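S.K.: What follows is input-v6.txt, compact mmCIF, C-alpha atoms.
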# COMPACT_ATOMS: atom_id res chain seq x y z
CA MET T 743 -14.63 -19.69 -10.16
CA MET T 744 -12.38 -22.76 -10.39
CA ARG T 745 -11.95 -22.19 -14.13
CA VAL T 746 -10.97 -18.58 -13.53
CA LYS T 747 -8.41 -19.65 -10.95
CA LEU T 748 -6.99 -22.27 -13.33
CA PHE T 749 -6.77 -19.72 -16.13
CA LEU T 750 -4.98 -17.23 -13.88
CA ALA T 751 -2.58 -19.95 -12.77
CA VAL T 752 -1.74 -20.73 -16.43
CA VAL T 753 -1.24 -17.05 -17.25
CA LEU T 754 1.05 -16.63 -14.26
CA SER T 755 3.01 -19.79 -15.07
CA LEU T 756 3.68 -18.42 -18.56
CA SER T 757 4.70 -15.10 -17.09
CA VAL T 758 7.02 -16.75 -14.58
CA SER T 759 8.62 -18.76 -17.42
CA CYS T 760 9.21 -15.60 -19.45
CA PHE T 761 10.50 -13.78 -16.37
CA ALA T 762 12.83 -16.62 -15.40
CA GLY T 763 13.90 -17.03 -19.02
CA SER T 764 14.91 -13.42 -19.43
CA GLY T 765 16.94 -13.50 -16.18
CA GLY T 766 18.33 -17.00 -16.73
CA ASP T 767 20.05 -16.15 -20.02
CA GLN T 768 22.53 -13.89 -18.29
CA PRO T 769 25.82 -15.78 -17.84
CA GLU T 770 26.68 -15.77 -14.15
CA SER T 771 30.41 -15.85 -14.83
CA LEU T 772 30.61 -12.49 -16.64
CA PRO T 773 31.80 -10.38 -13.70
CA GLU T 774 34.43 -13.01 -12.83
CA THR T 775 35.75 -12.95 -16.41
CA GLY T 776 36.21 -9.21 -16.08
CA GLN T 777 38.14 -9.62 -12.85
CA THR T 778 40.38 -12.32 -14.32
CA LYS T 779 41.26 -10.02 -17.23
CA ASN T 780 42.22 -7.26 -14.83
CA ALA T 781 44.51 -9.56 -12.92
CA SER T 782 46.22 -10.91 -16.02
CA THR T 783 46.85 -7.56 -17.74
CA GLY T 784 47.49 -5.54 -14.62
CA ASP T 785 45.54 -2.74 -16.26
CA GLU T 786 43.56 -0.67 -13.78
CA GLN T 787 41.32 0.90 -16.39
CA PRO T 788 38.65 -1.87 -16.31
CA THR T 789 38.51 -1.57 -12.52
CA ARG T 790 37.70 2.11 -12.89
CA ILE T 791 35.13 1.22 -15.50
CA GLU T 792 33.65 -1.37 -13.14
CA THR T 793 33.54 1.20 -10.32
CA GLY T 794 31.96 3.70 -12.67
CA LYS T 795 29.46 1.06 -13.72
CA LYS T 796 28.61 0.31 -10.09
CA GLU T 797 28.14 4.03 -9.36
CA ALA T 798 25.98 4.38 -12.45
CA GLU T 799 23.98 1.31 -11.40
CA SER T 800 23.57 2.71 -7.90
CA GLN T 801 22.47 6.10 -9.28
CA SER T 802 20.17 4.35 -11.71
CA SER T 803 18.71 2.26 -8.88
CA GLN T 804 18.14 5.43 -6.82
CA GLU T 805 16.47 7.04 -9.82
CA THR T 806 14.33 3.94 -10.32
CA GLY T 807 13.39 4.13 -6.64
CA LEU T 808 12.42 7.78 -7.00
CA ASP T 809 10.46 7.02 -10.19
CA LYS T 810 8.66 4.22 -8.38
CA GLN T 811 7.96 6.54 -5.45
CA SER T 812 6.50 9.23 -7.72
CA LEU T 813 4.44 6.64 -9.59
CA MET T 814 3.10 5.19 -6.36
CA ILE T 815 2.39 8.63 -4.88
CA ASP T 816 0.56 9.67 -8.02
CA TYR T 817 -1.42 6.41 -8.00
CA CYS T 818 -2.33 6.64 -4.31
CA ARG T 819 -3.46 10.26 -4.60
CA LYS T 820 -5.88 9.31 -7.37
CA HIS T 821 -7.05 5.99 -5.93
CA THR T 822 -8.01 4.69 -2.51
CA CYS T 823 -4.88 2.51 -2.36
CA MET K 315 10.72 -19.34 -3.18
CA LYS K 316 7.42 -19.71 -5.00
CA THR K 317 6.03 -16.85 -2.95
CA LYS K 318 9.05 -14.68 -3.80
CA ILE K 319 8.67 -15.38 -7.52
CA LEU K 320 4.96 -14.61 -7.36
CA ALA K 321 5.63 -11.47 -5.34
CA SER K 322 8.29 -10.32 -7.87
CA LEU K 323 5.97 -11.08 -10.75
CA ALA K 324 3.09 -9.29 -9.10
CA SER K 325 5.34 -6.31 -8.39
CA ILE K 326 6.43 -6.22 -12.06
CA ILE K 327 2.84 -6.53 -13.21
CA PHE K 328 1.71 -3.79 -10.83
CA THR K 329 4.58 -1.43 -11.73
CA GLY K 330 3.90 -2.01 -15.40
CA TYR K 331 0.24 -1.58 -14.79
CA VAL K 332 0.72 1.66 -12.87
CA SER K 333 3.10 2.94 -15.56
CA ILE K 334 0.85 2.10 -18.48
CA ALA K 335 -2.62 2.44 -17.12
CA ALA K 336 -2.47 4.69 -14.07
CA SER K 337 -4.94 7.06 -15.67
CA ALA K 338 -7.58 4.49 -16.57
CA PRO K 339 -7.59 1.31 -14.53
CA PRO K 340 -10.51 -1.04 -15.15
CA HIS K 341 -13.60 -0.34 -13.13
CA TRP K 342 -14.20 -2.41 -9.99
CA SER K 343 -16.76 -2.41 -7.22
CA TYR K 344 -17.11 -3.98 -3.79
CA ASP K 345 -19.97 -6.14 -5.12
CA GLU K 346 -17.42 -7.76 -7.44
CA GLU K 347 -14.96 -8.57 -4.65
CA PRO K 348 -14.99 -12.37 -5.27
CA ILE K 349 -13.90 -11.82 -8.88
CA TRP K 350 -11.50 -8.87 -8.55
CA GLY K 351 -8.65 -11.14 -9.64
CA ALA K 352 -10.40 -11.99 -12.89
CA ILE K 353 -11.31 -8.45 -13.98
CA GLU K 354 -9.86 -7.87 -17.44
CA ASP K 355 -8.30 -4.87 -19.08
CA ALA K 356 -8.71 -5.95 -22.70
CA ALA K 357 -6.57 -3.05 -23.91
CA LEU K 358 -3.47 -4.54 -22.31
CA PRO K 359 -1.40 -7.57 -23.35
CA VAL K 360 -1.08 -10.69 -21.21
CA PRO K 361 -0.01 -10.75 -18.36
CA LEU K 362 -1.02 -7.12 -17.82
CA ARG K 363 -4.52 -8.01 -19.02
CA TYR K 364 -5.41 -9.12 -15.50
CA PRO K 365 -4.16 -6.15 -13.49
CA TYR K 366 -5.93 -7.29 -10.33
CA ALA K 367 -4.75 -10.93 -10.46
CA GLU K 368 -2.97 -10.54 -7.13
CA CYS K 369 -6.36 -10.05 -5.43
CA GLY K 370 -7.18 -13.64 -6.41
CA ILE K 371 -3.87 -15.44 -5.96
CA GLY K 372 -1.90 -13.36 -3.44
CA GLN K 373 -0.84 -15.15 -0.29
CA HIS K 374 -0.22 -12.10 1.90
CA GLN K 375 -3.46 -10.23 1.42
CA SER K 376 -5.16 -7.65 3.61
CA PRO K 377 -7.25 -7.12 5.65
CA VAL K 378 -7.16 -10.02 8.11
CA ASP K 379 -8.93 -11.21 11.21
CA LEU K 380 -6.51 -10.17 13.93
CA ALA K 381 -7.85 -12.84 16.28
CA ASP K 382 -6.86 -15.62 13.86
CA ALA K 383 -3.14 -15.16 14.44
CA LYS K 384 -0.82 -15.83 17.27
CA ILE K 385 0.33 -12.37 18.34
CA VAL K 386 4.07 -12.38 19.01
CA SER K 387 5.32 -9.71 21.39
CA ALA K 388 8.76 -11.03 22.25
CA LYS K 389 10.77 -9.50 19.41
CA PRO K 390 12.12 -5.96 19.76
CA LEU K 391 10.29 -3.90 17.13
CA ASN K 392 10.90 -0.53 15.50
CA LYS K 393 9.70 2.48 17.40
CA LEU K 394 6.70 3.98 15.61
CA SER K 395 6.18 7.70 15.71
CA ALA K 396 3.46 9.67 13.90
CA GLN K 397 5.03 12.99 12.98
CA TYR K 398 2.13 14.64 11.23
CA LYS K 399 1.94 18.39 10.87
CA THR K 400 -0.75 20.93 10.04
CA ASP K 401 -1.49 21.00 6.33
CA THR K 402 -3.76 22.52 3.69
CA PRO K 403 -4.96 19.29 2.12
CA THR K 404 -7.19 18.27 -0.76
CA PHE K 405 -10.48 16.54 0.02
CA PHE K 406 -10.99 13.94 -2.68
CA ASN K 407 -13.92 11.68 -3.49
CA THR K 408 -12.19 8.69 -5.11
CA GLY K 409 -15.32 6.85 -6.17
CA HIS K 410 -14.63 4.17 -3.56
CA ALA K 411 -13.96 6.14 -0.38
CA ILE K 412 -13.66 9.61 1.08
CA GLN K 413 -10.01 10.58 1.06
CA VAL K 414 -7.76 13.42 2.20
CA ASN K 415 -4.59 13.98 0.14
CA THR K 416 -1.76 15.84 1.82
CA SER K 417 -0.27 18.79 -0.03
CA LYS K 418 2.76 18.11 -2.24
CA ASN K 419 5.19 19.82 0.14
CA PHE K 420 3.79 18.16 3.26
CA ALA K 421 6.74 17.24 5.43
CA GLY K 422 5.05 15.01 7.98
CA GLY K 423 5.01 11.26 8.04
CA LEU K 424 5.34 8.05 9.97
CA LYS K 425 8.74 7.40 11.48
CA VAL K 426 9.48 3.68 11.57
CA GLY K 427 12.75 3.22 13.43
CA LYS K 428 14.99 5.82 11.78
CA GLU K 429 13.11 6.07 8.48
CA LEU K 430 10.46 8.74 7.91
CA LEU K 431 7.78 7.67 5.45
CA PRO K 432 5.85 10.67 4.10
CA LEU K 433 2.08 10.69 4.61
CA ILE K 434 0.43 10.79 1.19
CA GLN K 435 -3.25 10.39 1.98
CA LEU K 436 -5.76 9.06 4.47
CA HIS K 437 -9.13 7.49 3.75
CA PHE K 438 -12.02 5.72 5.45
CA HIS K 439 -13.81 2.38 5.16
CA GLU K 440 -17.26 1.50 6.47
CA PRO K 441 -17.43 -0.94 8.26
CA SER K 442 -13.88 -1.74 9.36
CA GLU K 443 -11.72 -3.94 7.14
CA HIS K 444 -9.62 -5.52 9.89
CA VAL K 445 -11.79 -7.54 12.20
CA PHE K 446 -11.28 -9.23 15.55
CA GLY K 447 -12.81 -12.68 15.95
CA GLY K 448 -15.19 -11.89 13.11
CA LYS K 449 -16.33 -8.69 14.83
CA LYS K 450 -16.31 -5.64 12.61
CA PHE K 451 -15.91 -2.14 13.95
CA PRO K 452 -18.18 0.61 12.58
CA ALA K 453 -15.38 2.09 10.45
CA GLU K 454 -11.63 2.18 9.87
CA LEU K 455 -9.15 4.92 9.02
CA HIS K 456 -6.04 4.26 6.92
CA PHE K 457 -3.07 6.63 6.87
CA VAL K 458 -1.11 5.77 3.69
CA HIS K 459 2.66 6.44 3.58
CA ILE K 460 5.12 5.82 0.75
CA ASN K 461 8.89 5.72 1.22
CA LYS K 462 11.62 6.68 -1.26
CA ASP K 463 11.64 3.18 -2.80
CA GLY K 464 7.91 3.26 -3.44
CA ARG K 465 7.15 0.91 -0.54
CA ILE K 466 3.85 1.48 1.24
CA ALA K 467 3.19 1.46 4.97
CA VAL K 468 -0.34 1.91 6.25
CA LEU K 469 -1.28 2.95 9.75
CA GLY K 470 -4.75 1.57 10.51
CA VAL K 471 -7.04 2.91 13.23
CA VAL K 472 -10.39 1.33 13.99
CA ILE K 473 -13.32 3.64 14.64
CA ASN K 474 -16.03 3.17 17.27
CA ILE K 475 -19.22 5.11 17.84
CA GLY K 476 -18.98 7.63 20.65
CA LYS K 477 -18.05 11.26 21.05
CA GLU K 478 -18.29 13.45 17.95
CA ASN K 479 -14.99 13.98 16.17
CA ALA K 480 -14.40 17.59 15.13
CA VAL K 481 -11.55 16.77 12.73
CA PHE K 482 -13.62 14.10 11.02
CA GLN K 483 -16.43 16.66 10.68
CA THR K 484 -14.01 18.95 8.83
CA ILE K 485 -13.45 16.11 6.36
CA LEU K 486 -17.17 15.48 5.92
CA ASP K 487 -17.93 19.19 5.51
CA ASN K 488 -15.33 19.65 2.78
CA MET K 489 -15.74 16.37 0.89
CA PRO K 490 -17.10 16.76 -2.65
CA ARG K 491 -20.28 14.80 -3.32
CA HIS K 492 -19.35 13.38 -6.69
CA GLU K 493 -16.86 10.72 -7.71
CA GLY K 494 -13.54 12.08 -8.96
CA GLU K 495 -14.12 15.56 -7.57
CA ALA K 496 -11.53 17.31 -5.42
CA ASN K 497 -11.78 20.27 -3.10
CA SER K 498 -8.73 22.24 -1.95
CA PRO K 499 -10.01 25.05 0.27
CA SER K 500 -7.09 27.32 1.13
CA ARG K 501 -8.73 28.41 4.41
CA VAL K 502 -8.92 24.90 5.88
CA ARG K 503 -6.00 23.96 8.13
CA PHE K 504 -5.92 20.28 8.96
CA ASN K 505 -3.66 18.24 11.22
CA PRO K 506 -3.86 14.45 10.63
CA ALA K 507 -2.35 13.89 14.09
CA LYS K 508 -5.66 15.00 15.55
CA LEU K 509 -7.23 11.85 14.09
CA LEU K 510 -5.06 9.65 16.30
CA PRO K 511 -6.64 8.16 19.43
CA SER K 512 -6.66 10.56 22.35
CA GLY K 513 -4.25 9.76 25.12
CA VAL K 514 -1.76 7.88 22.94
CA ASN K 515 1.84 8.96 22.77
CA ALA K 516 2.25 9.83 19.07
CA ALA K 517 6.02 9.60 19.50
CA ASN K 518 5.84 5.98 20.60
CA LEU K 519 2.70 4.28 19.32
CA LYS K 520 1.53 0.87 20.49
CA TYR K 521 0.73 -1.28 17.51
CA LEU K 522 0.25 -4.65 15.87
CA THR K 523 2.15 -5.17 12.62
CA LEU K 524 2.08 -7.62 9.76
CA ALA K 525 2.96 -7.86 6.09
CA GLY K 526 -0.03 -7.44 3.83
CA SER K 527 -1.41 -5.76 0.76
CA LEU K 528 -3.52 -2.93 -0.52
CA THR K 529 -7.12 -3.73 0.39
CA THR K 530 -8.38 -2.43 -2.95
CA PRO K 531 -7.50 -3.61 -6.46
CA PRO K 532 -4.77 -4.22 -7.54
CA CYS K 533 -4.27 -5.65 -4.00
CA SER K 534 -0.49 -5.26 -4.35
CA GLU K 535 1.49 -7.03 -1.66
CA GLY K 536 4.58 -5.70 0.10
CA VAL K 537 2.53 -3.31 2.19
CA GLN K 538 3.55 -3.12 5.85
CA TRP K 539 0.57 -2.69 8.15
CA TYR K 540 0.67 -1.02 11.55
CA ILE K 541 -2.61 -1.25 13.40
CA LEU K 542 -3.09 0.81 16.52
CA THR K 543 -4.38 -0.99 19.57
CA LYS K 544 -6.60 1.97 20.55
CA SER K 545 -9.60 3.19 18.61
CA ILE K 546 -10.95 6.65 17.84
CA THR K 547 -14.60 7.68 17.96
CA ILE K 548 -17.04 9.45 15.71
CA SER K 549 -20.70 10.06 16.53
CA ALA K 550 -23.55 7.93 15.18
CA ASP K 551 -24.66 10.94 13.13
CA GLN K 552 -21.16 11.29 11.64
CA LEU K 553 -21.20 7.61 10.69
CA GLU K 554 -24.48 8.19 8.86
CA GLN K 555 -22.98 11.21 7.10
CA MET K 556 -20.01 9.07 6.06
CA LYS K 557 -22.35 6.35 4.80
CA SER K 558 -24.11 8.93 2.65
CA PHE K 559 -20.85 9.05 0.65
CA TYR K 560 -19.88 5.36 0.75
CA HIS K 561 -21.02 2.36 2.73
CA ASP K 562 -19.94 -1.28 2.68
CA ASN K 563 -16.64 -0.20 1.15
CA ALA K 564 -14.66 -2.77 3.09
CA ARG K 565 -12.91 -5.85 1.75
CA SER K 566 -13.56 -9.06 3.69
CA ALA K 567 -10.88 -10.61 5.90
CA GLN K 568 -8.30 -12.64 3.98
CA SER K 569 -6.45 -15.78 4.97
CA LEU K 570 -3.36 -15.21 7.10
CA ASN K 571 -1.44 -18.05 5.40
CA GLU K 572 1.01 -18.60 8.25
CA ARG K 573 1.76 -14.92 8.73
CA SER K 574 2.64 -13.76 12.21
CA ILE K 575 1.31 -10.62 13.80
CA LEU K 576 3.88 -8.81 15.90
CA SER K 577 3.14 -6.48 18.76
CA ASN K 578 5.29 -3.92 20.57
CA GLN K 579 3.38 -4.04 23.82
Show me the file's structure as structure tokens.
M.R.:
Amino acid sequence: MMRVKLFLAVVLSLSVSCFAGSGGDQPESLPETGQTKNASTGDEQPTRIETGKKEAESQSSQETGLDKQSLMIDYCRKHTC
Amino acid sequence: MKTKILASLASIIFTGYVSIAASAPPHWSYDEEPIWGAIEDAALPVPLRYPYAECGIGQHQSPVDLADAKIVSAKPLNKLSAQYKTDTPTFFNTGHAIQVNTSKNFAGGLKVGKELLPLIQLHFHEPSEHVFGGKKFPAELHFVHINKDGRIAVLGVVINIGKENAVFQTILDNMPRHEGEANSPSRVRFNPAKLLPSGVNAANLKYLTLAGSLTTPPCSEGVQWYILTKSITISADQLEQMKSFYHDNARSAQSLNERSILSNQ
């Protein structure tokens, strides 16, 4: 039992590393760079793009939510849950 | 922080697992409960290879012994209202429990504060999963709800032996005998609200609540539990009928790990 627990802990540690690694590579300053550019050029186009992006992200997040809901509903109808 | 990372990871694993392997999850049984976390799905890559890992390492697992926790009743809690309507459901033998799936256009659900969570299914465990001071009840009913984000809320009702329950008999009479079989009789009208304890105000239920998990593999956390403080009854004969389908299909009480149980009474 102890060996199984240790093995699971190792597997999860590796997974956490991969998970953290994939998220950690994203530069945190990217959105700020975009804002600085807007200010310096005075061009409003990027702002619209950013707004569009946010709307798309929001829509995408709603779609993801709905997908997750349908997946969970499907799962819980077939299994005891 | 560690808990959040583990919870995120487990959520990713479970979502991936549901997406990839919803049709054929690895077999599990209640006899294997101590090793659920180590059950392998050799067809999947690591970390999905251990789809039930959360059963072994989760820190907010269900069920629990309700007597082990300090019950906090000071905080104002969401109003809980069971808004179930009459339905033409499907009676489904899952292989682990007897279950009633609501129809796809079923509009009823559990209203938590201002949010209505649709009722997806209800199922039974024998004996109860939640215990009080180590005492098990003869059985337990779980109403399973899923909101628009895929979050699960379960309304739990413990079952005692007493007066025969006509609605429960409808379930027994229509339940298929074999694992994986479903029965959708168009003549059967069924209202889940009639399985709530008599005398309770369905529009303002009294409950205990805590954060927990599914009580069956993959034991996913992030499930909000609402446990009614009143029980329902079925007759001794009905319990025997239920046991002829499944018995001892109850997970043992899990460690609370500092969780609080809140009460609205």
S.K.: Counting only C-alpha atoms, note down every residue that has an atom within 12 Å of the point (-19.1, 7.4, -11.0) (file coordinates), as a PDB file with C-alpha atoms, keeping the file's coordinate frame.
M.R.:
ATOM      1  CA  HIS K 341     -13.600  -0.340 -13.130  1.00  0.00           C
ATOM      2  CA  TRP K 342     -14.200  -2.410  -9.990  1.00  0.00           C
ATOM      3  CA  SER K 343     -16.760  -2.410  -7.220  1.00  0.00           C
ATOM      4  CA  ASN K 407     -13.920  11.680  -3.490  1.00  0.00           C
ATOM      5  CA  THR K 408     -12.190   8.690  -5.110  1.00  0.00           C
ATOM      6  CA  GLY K 409     -15.320   6.850  -6.170  1.00  0.00           C
ATOM      7  CA  HIS K 410     -14.630   4.170  -3.560  1.00  0.00           C
ATOM      8  CA  ALA K 411     -13.960   6.140  -0.380  1.00  0.00           C
ATOM      9  CA  ARG K 491     -20.280  14.800  -3.320  1.00  0.00           C
ATOM     10  CA  HIS K 492     -19.350  13.380  -6.690  1.00  0.00           C
ATOM     11  CA  GLU K 493     -16.860  10.720  -7.710  1.00  0.00           C
ATOM     12  CA  GLY K 494     -13.540  12.080  -8.960  1.00  0.00           C
ATOM     13  CA  GLU K 495     -14.120  15.560  -7.570  1.00  0.00           C
ATOM     14  CA  PHE K 559     -20.850   9.050   0.650  1.00  0.00           C
ATOM     15  CA  TYR K 560     -19.880   5.360   0.750  1.00  0.00           C
TER      16      TYR K 560
END
S.K.: Select all residues from chain T having any atom no more than 6 Å from an atom of chain K (counting all atoms listed in the file, ignoring ligands), output as an mmCIF file with C-alpha atoms, in the frame of the given file.
M.R.:
data_model
loop_
_atom_site.group_PDB
_atom_site.id
_atom_site.type_symbol
_atom_site.label_atom_id
_atom_site.label_comp_id
_atom_site.auth_asym_id
_atom_site.auth_seq_id
_atom_site.Cartn_x
_atom_site.Cartn_y
_atom_site.Cartn_z
ATOM 1 C CA GLY T 807 13.390 4.130 -6.640
ATOM 2 C CA LEU T 808 12.420 7.780 -7.000
ATOM 3 C CA LYS T 810 8.660 4.220 -8.380
ATOM 4 C CA GLN T 811 7.960 6.540 -5.450
ATOM 5 C CA MET T 814 3.100 5.190 -6.360
ATOM 6 C CA HIS T 821 -7.050 5.990 -5.930
ATOM 7 C CA CYS T 823 -4.880 2.510 -2.360
#
S.K.: Calculate how many Å separate CA of Phe482 (chain K) from CA of Ser577 (chain K), rounding to one decimal.
M.R.: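 Straight-line distance from CA of Phe482 (chain K) to CA of Ser577 (chain K) works out to 27.6 Å.
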S.K.: Between K:Ala383, K:Ala388, K:Leu542, K:Ala453, which one has atoms that come closest to Ser574 (chain K), using all atoms listed in the file?
M.R.: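 Among the listed residues, K:Ala383 lies closest to Ser574 (chain K).
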S.K.: Report, in Å to a single decimal, how far apart CA of Thr523 (chain K) and CA of Val426 (chain K) are.
M.R.: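 It comes out at 11.5 Å.
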S.K.: Would you mind reading off the distance between CA of Phe420 (chain K) and CA of Val514 (chain K), one decimal, in Å?
M.R.: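 The value is 22.9 Å.
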S.K.: Env of Ala550 (chain K): 8 Å cut, atoms = only C-alpha atoms, seq-sep filter 4 positions within chain, self excluded. Answer as JSON, numbers by chain.
M.R.: {"K": [475, 476, 554]}
S.K.: Next, write the just-selected residues to a file, as a compact mmCIF listing (two decimals), in the frame of the given file, keeping C-alpha atoms as the atom set.
M.R.:
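Ended up saving to part-v8.txt:
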# COMPACT_ATOMS: atom_id res chain seq x y z
CA ILE K 475 -19.22 5.11 17.84
CA GLY K 476 -18.98 7.63 20.65
CA GLU K 554 -24.48 8.19 8.86
S.K.: Rank nothing, just name the residue among K:Leu570, K:Ile546, K:Leu391, K:Leu553 nearest to Ile473 (chain K), using all atoms listed in the file.
M.R.: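 Closest residue, counting all atoms listed in the file: K:Ile546.
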S.K.: Using all atoms listed in the file, determine which residues lie at most 9 Å from Lys544 (chain K), disregarding the query and same-chain residues fewer than 6 positions distant; provide the list as number ranges by chain.
M.R.: K: 471-472, 510-512, 514, 520-521
S.K.: I need the residue nearest Phe405 (chain K) from this list: K:Leu469, K:Ile485, K:Ala516, K:Val386. Use only C-alpha atoms for the distance.
M.R.: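 Of K:Leu469, K:Ile485, K:Ala516, K:Val386, the one nearest Phe405 (chain K) is K:Ile485, counting only C-alpha atoms.
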